[in-house]
$ cat my_file.tsv   # TSV, C-alpha atoms
chain	number	residue	atom	x	y	z
A	56	MET	CA	-32.56	-82.48	40.71
A	57	PRO	CA	-29.07	-81.61	42.05
A	58	LEU	CA	-28.49	-77.88	42.28
A	59	PRO	CA	-25.96	-77.61	39.39
A	60	TYR	CA	-28.67	-78.88	37.02
A	61	TYR	CA	-31.59	-76.87	38.40
A	62	VAL	CA	-33.43	-74.58	35.98
A	63	SER	CA	-36.19	-72.36	37.26
A	64	PRO	CA	-39.66	-72.75	35.68
A	65	GLU	CA	-39.49	-69.16	34.43
A	66	GLN	CA	-36.15	-69.75	32.72
A	67	MET	CA	-37.40	-73.01	31.21
A	68	MET	CA	-40.43	-71.27	29.69
A	69	GLN	CA	-38.25	-68.46	28.35
A	70	ASP	CA	-35.90	-70.98	26.76
A	71	LYS	CA	-38.81	-72.84	25.16
A	72	ALA	CA	-40.28	-69.62	23.80
A	73	GLU	CA	-36.93	-68.54	22.37
A	74	TYR	CA	-36.43	-71.95	20.78
A	75	ALA	CA	-39.88	-71.87	19.16
A	76	ARG	CA	-39.45	-68.30	17.89
A	77	LYS	CA	-36.13	-69.15	16.25
A	78	GLY	CA	-37.69	-72.13	14.48
A	79	ILE	CA	-40.66	-70.11	13.25
A	80	ALA	CA	-38.40	-67.25	12.09
A	81	LYS	CA	-36.73	-69.60	9.59
A	82	GLY	CA	-40.02	-70.13	7.73
A	83	LYS	CA	-41.68	-68.02	5.05
A	84	SER	CA	-44.52	-65.72	6.02
A	85	ILE	CA	-48.26	-65.92	5.42
A	86	VAL	CA	-50.74	-63.06	5.29
A	87	ALA	CA	-54.55	-63.19	5.41
A	88	LEU	CA	-56.79	-60.29	4.37
A	89	GLU	CA	-60.52	-59.73	4.40
A	90	TYR	CA	-61.89	-58.49	1.07
A	91	ALA	CA	-65.37	-57.64	-0.14
A	92	GLY	CA	-66.16	-61.22	-1.20
A	93	GLY	CA	-64.57	-63.16	1.65
A	94	VAL	CA	-61.10	-63.91	3.00
A	95	LEU	CA	-57.84	-64.12	1.02
A	96	VAL	CA	-54.77	-66.08	2.17
A	97	VAL	CA	-51.37	-65.58	0.53
A	98	ALA	CA	-48.31	-67.61	1.50
A	99	GLU	CA	-44.79	-67.33	0.17
A	100	ASN	CA	-44.16	-70.97	-0.76
A	101	PRO	CA	-41.75	-72.12	-3.50
A	102	SER	CA	-42.98	-75.72	-3.20
A	103	ALA	CA	-45.86	-76.80	-5.44
A	104	SER	CA	-46.67	-79.90	-3.38
A	105	LEU	CA	-46.10	-78.98	0.30
A	106	ASN	CA	-49.10	-76.77	0.98
A	107	LYS	CA	-49.21	-74.27	3.82
A	108	VAL	CA	-52.87	-73.34	3.26
A	109	SER	CA	-55.77	-75.80	3.14
A	110	GLU	CA	-59.44	-76.34	3.83
A	111	LEU	CA	-60.57	-77.57	7.25
A	112	TYR	CA	-64.34	-77.55	6.78
A	113	ASP	CA	-67.16	-76.01	4.73
A	114	ARG	CA	-66.39	-72.35	5.52
A	115	ILE	CA	-63.10	-72.73	7.38
A	116	ALA	CA	-59.47	-72.61	6.23
A	117	PHE	CA	-56.16	-73.40	7.91
A	118	ALA	CA	-52.71	-71.88	7.39
A	119	GLY	CA	-49.48	-72.91	9.09
A	120	ALA	CA	-46.00	-71.40	9.34
A	121	GLY	CA	-42.88	-72.88	10.85
A	122	LYS	CA	-41.93	-76.55	10.86
A	123	TYR	CA	-43.92	-78.25	8.09
A	124	GLY	CA	-44.26	-81.69	9.70
A	125	GLU	CA	-45.66	-80.19	12.90
A	126	PHE	CA	-48.31	-77.92	11.40
A	127	GLU	CA	-49.27	-80.62	8.88
A	128	ARG	CA	-50.03	-82.93	11.80
A	129	LEU	CA	-52.14	-80.18	13.40
A	130	ARG	CA	-54.00	-79.69	10.11
A	131	LYS	CA	-54.95	-83.38	9.93
A	132	GLU	CA	-56.05	-83.42	13.56
A	133	GLY	CA	-58.19	-80.35	12.92
A	134	ILE	CA	-59.92	-82.03	9.97
A	135	ARG	CA	-60.67	-85.11	12.10
A	136	TYR	CA	-62.03	-82.93	14.90
A	137	ALA	CA	-64.25	-80.96	12.52
A	138	ASP	CA	-65.57	-84.08	10.75
A	139	MET	CA	-66.38	-85.85	14.02
A	140	LYS	CA	-68.12	-82.81	15.52
A	141	GLY	CA	-70.08	-82.16	12.33
A	142	TYR	CA	-71.18	-85.80	12.14
A	143	ALA	CA	-72.09	-86.11	15.83
A	144	TYR	CA	-73.94	-82.80	16.17
A	145	GLY	CA	-74.40	-80.69	13.03
A	146	ARG	CA	-72.32	-79.01	10.38
A	147	GLU	CA	-73.28	-75.57	11.73
A	148	ASP	CA	-71.68	-76.50	15.08
A	149	VAL	CA	-68.23	-76.61	13.49
A	150	THR	CA	-66.86	-73.08	13.82
A	151	ALA	CA	-63.46	-71.41	13.58
A	152	LYS	CA	-63.77	-70.44	17.24
A	153	SER	CA	-64.24	-74.03	18.41
A	154	LEU	CA	-61.34	-75.21	16.25
A	155	ALA	CA	-59.09	-72.39	17.46
A	156	ASN	CA	-59.89	-73.27	21.09
A	157	ALA	CA	-59.10	-76.94	20.44
A	158	TYR	CA	-55.81	-76.03	18.78
A	159	SER	CA	-54.97	-73.68	21.66
A	160	GLN	CA	-55.39	-76.45	24.21
A	161	VAL	CA	-53.28	-78.94	22.26
A	162	ILE	CA	-50.46	-76.51	21.47
A	163	GLY	CA	-50.53	-75.01	24.97
A	164	ASN	CA	-50.32	-78.43	26.63
A	165	ILE	CA	-47.33	-79.39	24.48
A	166	PHE	CA	-45.60	-76.09	25.29
A	167	SER	CA	-46.18	-76.51	29.04
A	168	MET	CA	-45.55	-80.23	29.46
A	169	GLU	CA	-43.18	-81.41	26.72
A	170	ILE	CA	-39.46	-80.73	26.59
A	171	LYS	CA	-39.60	-79.51	23.00
A	172	PRO	CA	-42.34	-77.01	22.01
A	173	LEU	CA	-43.96	-76.92	18.59
A	174	GLU	CA	-42.18	-74.58	16.18
A	175	VAL	CA	-45.40	-73.39	14.57
A	176	GLU	CA	-47.90	-70.57	14.29
A	177	ILE	CA	-51.27	-71.24	12.72
A	178	LEU	CA	-54.31	-69.38	11.42
A	179	VAL	CA	-57.91	-70.58	11.55
A	180	LEU	CA	-60.14	-68.51	9.25
A	181	GLU	CA	-63.89	-68.55	8.63
A	182	VAL	CA	-65.93	-66.61	6.10
A	183	GLY	CA	-69.29	-65.37	7.39
A	184	GLU	CA	-72.57	-64.61	5.67
A	185	GLU	CA	-71.49	-60.97	5.73
A	186	GLN	CA	-68.10	-59.32	6.15
A	187	ALA	CA	-68.65	-58.41	9.80
A	188	ALA	CA	-69.16	-62.10	10.57
A	189	ASN	CA	-65.74	-63.20	9.28
A	190	GLU	CA	-63.50	-64.76	11.91
A	191	MET	CA	-59.69	-64.81	11.97
A	192	TYR	CA	-57.78	-66.50	14.79
A	193	ARG	CA	-54.01	-66.64	15.20
A	194	ILE	CA	-52.64	-69.33	17.52
A	195	ALA	CA	-49.05	-68.92	18.68
A	196	PHE	CA	-46.48	-71.57	19.65
A	197	ASP	CA	-47.51	-71.35	23.32
A	198	GLY	CA	-51.21	-71.83	22.64
A	199	SER	CA	-52.23	-68.19	23.03
A	200	ILE	CA	-55.05	-67.02	20.73
A	201	ALA	CA	-55.43	-63.63	19.06
A	202	ASP	CA	-58.78	-62.67	17.52
A	203	GLU	CA	-57.83	-60.61	14.46
A	204	LYS	CA	-59.89	-58.26	12.31
A	205	GLY	CA	-59.22	-57.08	8.76
A	206	TYR	CA	-55.82	-58.70	8.37
A	207	THR	CA	-53.32	-60.91	10.16
A	208	SER	CA	-49.98	-62.60	9.51
A	209	ILE	CA	-47.79	-65.41	10.79
A	210	GLY	CA	-44.29	-66.66	10.11
A	211	GLY	CA	-40.79	-65.28	10.17
A	212	GLN	CA	-41.69	-61.69	9.22
A	213	ALA	CA	-45.13	-61.42	10.77
A	214	GLU	CA	-44.41	-58.17	12.65
A	215	GLU	CA	-43.06	-56.43	9.53
A	216	LEU	CA	-46.15	-57.53	7.60
A	217	LYS	CA	-48.47	-56.15	10.27
A	218	LEU	CA	-46.65	-52.82	10.32
A	219	PHE	CA	-47.00	-52.55	6.53
A	220	LEU	CA	-50.69	-53.50	6.51
A	221	THR	CA	-51.63	-51.23	9.42
A	222	ASP	CA	-51.34	-48.16	7.20
A	223	LYS	CA	-52.24	-49.73	3.86
A	224	CYS	CA	-55.17	-52.08	4.57
A	225	GLN	CA	-58.67	-50.83	3.70
A	226	GLU	CA	-62.18	-52.25	4.00
A	227	GLY	CA	-64.17	-53.39	0.98
A	228	LEU	CA	-61.22	-54.24	-1.26
A	229	SER	CA	-61.76	-56.34	-4.37
A	230	ARG	CA	-60.04	-59.71	-4.51
A	231	GLU	CA	-57.47	-58.38	-6.98
A	232	ALA	CA	-56.72	-55.31	-4.84
A	233	ALA	CA	-56.39	-57.47	-1.72
A	234	LEU	CA	-54.00	-59.79	-3.57
A	235	GLN	CA	-51.87	-56.84	-4.68
A	236	GLN	CA	-51.85	-55.53	-1.11
A	237	ALA	CA	-50.78	-58.89	0.30
A	238	THR	CA	-48.07	-59.32	-2.34
A	239	ARG	CA	-46.67	-55.85	-1.68
A	240	ALA	CA	-46.59	-56.60	2.04
A	241	LEU	CA	-44.63	-59.81	1.48
A	242	GLU	CA	-42.21	-58.01	-0.84
A	243	ALA	CA	-41.72	-55.13	1.60
A	244	ALA	CA	-41.03	-57.53	4.49
A	245	ALA	CA	-38.59	-59.60	2.40
A	246	SER	CA	-37.07	-56.56	0.62
A	247	GLN	CA	-37.29	-58.35	-2.72
A	248	LYS	CA	-39.75	-59.17	-5.50
A	249	VAL	CA	-41.91	-62.26	-5.12
A	250	LYS	CA	-42.68	-64.38	-8.18
A	251	ALA	CA	-46.24	-65.56	-8.85
A	252	THR	CA	-44.93	-69.14	-9.05
A	253	HIS	CA	-43.63	-68.79	-5.48
A	254	LEU	CA	-47.01	-67.80	-4.06
A	255	GLU	CA	-49.66	-70.10	-2.66
A	256	VAL	CA	-52.99	-68.29	-2.86
A	257	ALA	CA	-56.41	-69.42	-1.65
A	258	VAL	CA	-59.74	-67.77	-0.89
A	259	LEU	CA	-62.83	-68.39	1.18
A	260	GLU	CA	-65.47	-67.05	-1.23
A	261	ARG	CA	-68.71	-66.02	0.43
A	262	ALA	CA	-70.81	-66.35	-2.75
A	263	ARG	CA	-69.39	-69.75	-3.72
A	264	PRO	CA	-72.06	-72.48	-3.40
A	265	GLY	CA	-71.29	-75.36	-1.02
A	266	ARG	CA	-67.72	-75.43	0.24
A	267	LYS	CA	-66.20	-71.95	0.23
A	268	PHE	CA	-62.50	-72.80	-0.07
A	269	ARG	CA	-60.81	-72.46	-3.45
A	270	ARG	CA	-57.17	-72.46	-4.49
A	271	ILE	CA	-56.04	-69.91	-7.07
A	272	PRO	CA	-53.33	-71.35	-9.35
A	273	PRO	CA	-50.42	-69.15	-10.52
A	274	ALA	CA	-51.81	-69.08	-14.05
A	275	GLU	CA	-55.01	-67.45	-12.78
A	276	LEU	CA	-53.15	-64.70	-10.95
A	277	GLY	CA	-52.54	-63.08	-14.33
A	278	SER	CA	-51.13	-59.59	-14.29
A	279	VAL	CA	-52.11	-59.00	-10.66
A	280	VAL	CA	-48.75	-60.43	-9.58
A	281	GLU	CA	-45.99	-59.71	-12.08

$ encode --input "my_file.tsv" --output "structure tokens"
Amino acid sequence: MPLPYYVSPEQMMQDKAEYARKGIAKGKSIVALEYAGGVLVVAENPSASLNKVSELYDRIAFAGAGKYGEFERLRKEGIRYADMKGYAYGREDVTAKSLANAYSQVIGNIFSMEIKPLEVEILVLEVGEEQAANEMYRIAFDGSIADEKGYTSIGGQAEELKLFLTDKCQEGLSREAALQQATRALEAAASQKVKATHLEVAVLERARPGRKFRRIPPAELGSVVE
């Protein structure tokens, strides 16, 4: 290209990263915590119909923050990938690690090759037969993967949530205690109270027969979230 229009590859990548971060920062945050019976996911979400958290496969959940249309497309592609792999090989071959790697390649290729990057961060979570076997992967807008333990967060206030949970998070929490911890973290990051009706809560329950994913409706939250 003519010199007045030249942009170095380094500058282009920096501009893409800044663009993606700004888009993600506009969205509400999501926090995931391990508890004694599995994995809890709590998202600040005023909408009752546009879900940020969903099931991908038997023991695996998905959560997305940022631009809804983009992470919803990734969710559907992940379900197709998991179903095809489970059908062609075996259900035990579908793991959070394989899904996270697939997501990383797709998101990374879009970030490197397309003009506009995806304005999303996603979580891929799997509950194991025991707590040490739980898996939590965070995939960023550039396709990079972080293998998290104990807790993780994505969205506009992810760093504030991590700072709060670093000192407060403990092993072996009950589901109710983990929910209270996650709610306090969201409130501390947002500097305001969060209503139960504005929370989307789901769990991967280790002891649940068959598929482990279950949504917890606001009515069931009871006095845990006031």

$ closest_residue --input "my_file.tsv" --among "A:Val161, A:Ile271, A:Ile177, A:Ala187" --to "Thr207 in chain A" --atoms "all atoms listed in the file"
A:Ile177

$ closest_residue --input "my_file.tsv" --among "A:Ala87, A:Val149, A:Ala195, A:Ile134" --to "Ala72 in chain A" --atoms "all atoms listed in the file"
A:Ala195

$ residues_around --input "my_file.tsv" --residues "range 218-231 of chain A" --least-positions-apart "6" --cutoff "8 Å" --atoms "all atoms listed in the file" --output "mmCIF file with C-alpha atoms, in the frame of the given file"
data_model
loop_
_atom_site.group_PDB
_atom_site.id
_atom_site.type_symbol
_atom_site.label_atom_id
_atom_site.label_comp_id
_atom_site.auth_asym_id
_atom_site.auth_seq_id
_atom_site.Cartn_x
_atom_site.Cartn_y
_atom_site.Cartn_z
ATOM 1 C CA GLU A 89 -60.520 -59.730 4.400
ATOM 2 C CA TYR A 90 -61.890 -58.490 1.070
ATOM 3 C CA ALA A 91 -65.370 -57.640 -0.140
ATOM 4 C CA GLY A 92 -66.160 -61.220 -1.200
ATOM 5 C CA LEU A 95 -57.840 -64.120 1.020
ATOM 6 C CA GLY A 205 -59.220 -57.080 8.760
ATOM 7 C CA TYR A 206 -55.820 -58.700 8.370
ATOM 8 C CA ALA A 240 -46.590 -56.600 2.040
ATOM 9 C CA ALA A 243 -41.720 -55.130 1.600
ATOM 10 C CA VAL A 279 -52.110 -59.000 -10.660
#

$ atom_distance --input "my_file.tsv" --atom1 "CA of Gly119 in chain A" --atom2 "CA of Arg269 in chain A"
16.9 Å

$ closest_residue --input "my_file.tsv" --among "A:Val96, A:Ala137, A:Ala75, A:Leu234" --to "Arg270 in chain A" --atoms "only C-alpha atoms"
A:Val96

$ atom_distance --input "my_file.tsv" --atom1 "CA of Lys171 in chain A" --atom2 "CA of Lys83 in chain A"
21.4 Å

$ residues_around --input "my_file.tsv" --residues "Tyr123 in chain A" --least-positions-apart "5" --cutoff "10 Å" --atoms "all atoms listed in the file" --output "NGL selection string"
:A and (82 or 105-107 or 128-129 or 174-175)

$ build_atoms --input "my_file.tsv" --residues "range 248-278 of chain A" --atoms "N, CA and C atoms" --output "PDB file, in the coordinates of the input"
ATOM      1  N   LYS A 248     -38.560 -58.812  -4.737  1.00  0.00           N
ATOM      2  CA  LYS A 248     -39.750 -59.170  -5.500  1.00  0.00           C
ATOM      3  C   LYS A 248     -40.120 -60.630  -5.253  1.00  0.00           C
ATOM      4  N   VAL A 249     -41.407 -60.897  -5.299  1.00  0.00           N
ATOM      5  CA  VAL A 249     -41.910 -62.260  -5.120  1.00  0.00           C
ATOM      6  C   VAL A 249     -42.563 -62.715  -6.425  1.00  0.00           C
ATOM      7  N   LYS A 250     -42.124 -63.849  -6.951  1.00  0.00           N
ATOM      8  CA  LYS A 250     -42.680 -64.380  -8.180  1.00  0.00           C
ATOM      9  C   LYS A 250     -44.045 -65.012  -7.940  1.00  0.00           C
ATOM     10  N   ALA A 251     -44.916 -64.938  -8.952  1.00  0.00           N
ATOM     11  CA  ALA A 251     -46.240 -65.560  -8.850  1.00  0.00           C
ATOM     12  C   ALA A 251     -46.124 -67.064  -8.617  1.00  0.00           C
ATOM     13  N   THR A 252     -45.117 -67.690  -9.197  1.00  0.00           N
ATOM     14  CA  THR A 252     -44.930 -69.140  -9.050  1.00  0.00           C
ATOM     15  C   THR A 252     -44.485 -69.519  -7.650  1.00  0.00           C
ATOM     16  N   HIS A 253     -44.057 -68.529  -6.848  1.00  0.00           N
ATOM     17  CA  HIS A 253     -43.630 -68.790  -5.480  1.00  0.00           C
ATOM     18  C   HIS A 253     -44.699 -68.408  -4.468  1.00  0.00           C
ATOM     19  N   LEU A 254     -45.903 -68.149  -4.948  1.00  0.00           N
ATOM     20  CA  LEU A 254     -47.010 -67.800  -4.060  1.00  0.00           C
ATOM     21  C   LEU A 254     -48.042 -68.922  -4.020  1.00  0.00           C
ATOM     22  N   GLU A 255     -48.517 -69.200  -2.836  1.00  0.00           N
ATOM     23  CA  GLU A 255     -49.660 -70.100  -2.660  1.00  0.00           C
ATOM     24  C   GLU A 255     -50.842 -69.230  -2.246  1.00  0.00           C
ATOM     25  N   VAL A 256     -51.866 -69.203  -3.075  1.00  0.00           N
ATOM     26  CA  VAL A 256     -52.990 -68.290  -2.860  1.00  0.00           C
ATOM     27  C   VAL A 256     -54.294 -69.100  -2.777  1.00  0.00           C
ATOM     28  N   ALA A 257     -55.104 -68.774  -1.790  1.00  0.00           N
ATOM     29  CA  ALA A 257     -56.410 -69.420  -1.650  1.00  0.00           C
ATOM     30  C   ALA A 257     -57.412 -68.407  -1.118  1.00  0.00           C
ATOM     31  N   VAL A 258     -58.680 -68.660  -1.364  1.00  0.00           N
ATOM     32  CA  VAL A 258     -59.740 -67.770  -0.890  1.00  0.00           C
ATOM     33  C   VAL A 258     -60.857 -68.578  -0.250  1.00  0.00           C
ATOM     34  N   LEU A 259     -61.532 -67.936   0.687  1.00  0.00           N
ATOM     35  CA  LEU A 259     -62.830 -68.390   1.180  1.00  0.00           C
ATOM     36  C   LEU A 259     -63.852 -67.437   0.561  1.00  0.00           C
ATOM     37  N   GLU A 260     -64.557 -67.911  -0.472  1.00  0.00           N
ATOM     38  CA  GLU A 260     -65.470 -67.050  -1.230  1.00  0.00           C
ATOM     39  C   GLU A 260     -66.888 -67.159  -0.663  1.00  0.00           C
ATOM     40  N   ARG A 261     -67.395 -66.034  -0.200  1.00  0.00           N
ATOM     41  CA  ARG A 261     -68.710 -66.020   0.430  1.00  0.00           C
ATOM     42  C   ARG A 261     -69.815 -66.468  -0.531  1.00  0.00           C
ATOM     43  N   ALA A 262     -69.742 -66.064  -1.790  1.00  0.00           N
ATOM     44  CA  ALA A 262     -70.810 -66.350  -2.750  1.00  0.00           C
ATOM     45  C   ALA A 262     -70.675 -67.732  -3.388  1.00  0.00           C
ATOM     46  N   ARG A 263     -69.612 -68.436  -3.117  1.00  0.00           N
ATOM     47  CA  ARG A 263     -69.390 -69.750  -3.720  1.00  0.00           C
ATOM     48  C   ARG A 263     -70.369 -70.763  -3.121  1.00  0.00           C
ATOM     49  N   PRO A 264     -71.114 -71.507  -3.938  1.00  0.00           N
ATOM     50  CA  PRO A 264     -72.060 -72.480  -3.400  1.00  0.00           C
ATOM     51  C   PRO A 264     -71.323 -73.656  -2.757  1.00  0.00           C
ATOM     52  N   GLY A 265     -71.911 -74.208  -1.680  1.00  0.00           N
ATOM     53  CA  GLY A 265     -71.290 -75.360  -1.020  1.00  0.00           C
ATOM     54  C   GLY A 265     -70.045 -74.957  -0.263  1.00  0.00           C
ATOM     55  N   ARG A 266     -68.976 -75.686  -0.469  1.00  0.00           N
ATOM     56  CA  ARG A 266     -67.720 -75.430   0.240  1.00  0.00           C
ATOM     57  C   ARG A 266     -67.090 -74.141  -0.305  1.00  0.00           C
ATOM     58  N   LYS A 267     -66.636 -73.306   0.599  1.00  0.00           N
ATOM     59  CA  LYS A 267     -66.200 -71.950   0.230  1.00  0.00           C
ATOM     60  C   LYS A 267     -64.732 -71.856  -0.156  1.00  0.00           C
ATOM     61  N   PHE A 268     -63.946 -72.865   0.159  1.00  0.00           N
ATOM     62  CA  PHE A 268     -62.500 -72.800  -0.070  1.00  0.00           C
ATOM     63  C   PHE A 268     -62.167 -73.058  -1.535  1.00  0.00           C
ATOM     64  N   ARG A 269     -61.266 -72.255  -2.073  1.00  0.00           N
ATOM     65  CA  ARG A 269     -60.810 -72.460  -3.450  1.00  0.00           C
ATOM     66  C   ARG A 269     -59.359 -71.999  -3.576  1.00  0.00           C
ATOM     67  N   ARG A 270     -58.540 -72.843  -4.191  1.00  0.00           N
ATOM     68  CA  ARG A 270     -57.170 -72.460  -4.490  1.00  0.00           C
ATOM     69  C   ARG A 270     -57.129 -71.665  -5.790  1.00  0.00           C
ATOM     70  N   ILE A 271     -56.222 -70.699  -5.854  1.00  0.00           N
ATOM     71  CA  ILE A 271     -56.040 -69.910  -7.070  1.00  0.00           C
ATOM     72  C   ILE A 271     -54.673 -70.285  -7.648  1.00  0.00           C
ATOM     73  N   PRO A 272     -54.624 -70.958  -8.781  1.00  0.00           N
ATOM     74  CA  PRO A 272     -53.330 -71.350  -9.350  1.00  0.00           C
ATOM     75  C   PRO A 272     -52.559 -70.153  -9.888  1.00  0.00           C
ATOM     76  N   PRO A 273     -51.231 -70.279 -10.016  1.00  0.00           N
ATOM     77  CA  PRO A 273     -50.420 -69.150 -10.520  1.00  0.00           C
ATOM     78  C   PRO A 273     -50.886 -68.619 -11.865  1.00  0.00           C
ATOM     79  N   ALA A 274     -51.366 -69.522 -12.745  1.00  0.00           N
ATOM     80  CA  ALA A 274     -51.810 -69.080 -14.050  1.00  0.00           C
ATOM     81  C   ALA A 274     -53.004 -68.127 -13.970  1.00  0.00           C
ATOM     82  N   GLU A 275     -53.823 -68.267 -12.925  1.00  0.00           N
ATOM     83  CA  GLU A 275     -55.010 -67.450 -12.780  1.00  0.00           C
ATOM     84  C   GLU A 275     -54.689 -66.086 -12.144  1.00  0.00           C
ATOM     85  N   LEU A 276     -53.507 -65.968 -11.569  1.00  0.00           N
ATOM     86  CA  LEU A 276     -53.150 -64.700 -10.950  1.00  0.00           C
ATOM     87  C   LEU A 276     -52.972 -63.591 -11.991  1.00  0.00           C
ATOM     88  N   GLY A 277     -52.607 -64.020 -13.218  1.00  0.00           N
ATOM     89  CA  GLY A 277     -52.540 -63.080 -14.330  1.00  0.00           C
ATOM     90  C   GLY A 277     -51.570 -61.958 -14.086  1.00  0.00           C
ATOM     91  N   SER A 278     -51.993 -60.765 -14.416  1.00  0.00           N
ATOM     92  CA  SER A 278     -51.130 -59.590 -14.290  1.00  0.00           C
ATOM     93  C   SER A 278     -51.196 -58.966 -12.909  1.00  0.00           C
TER      94      SER A 278
END
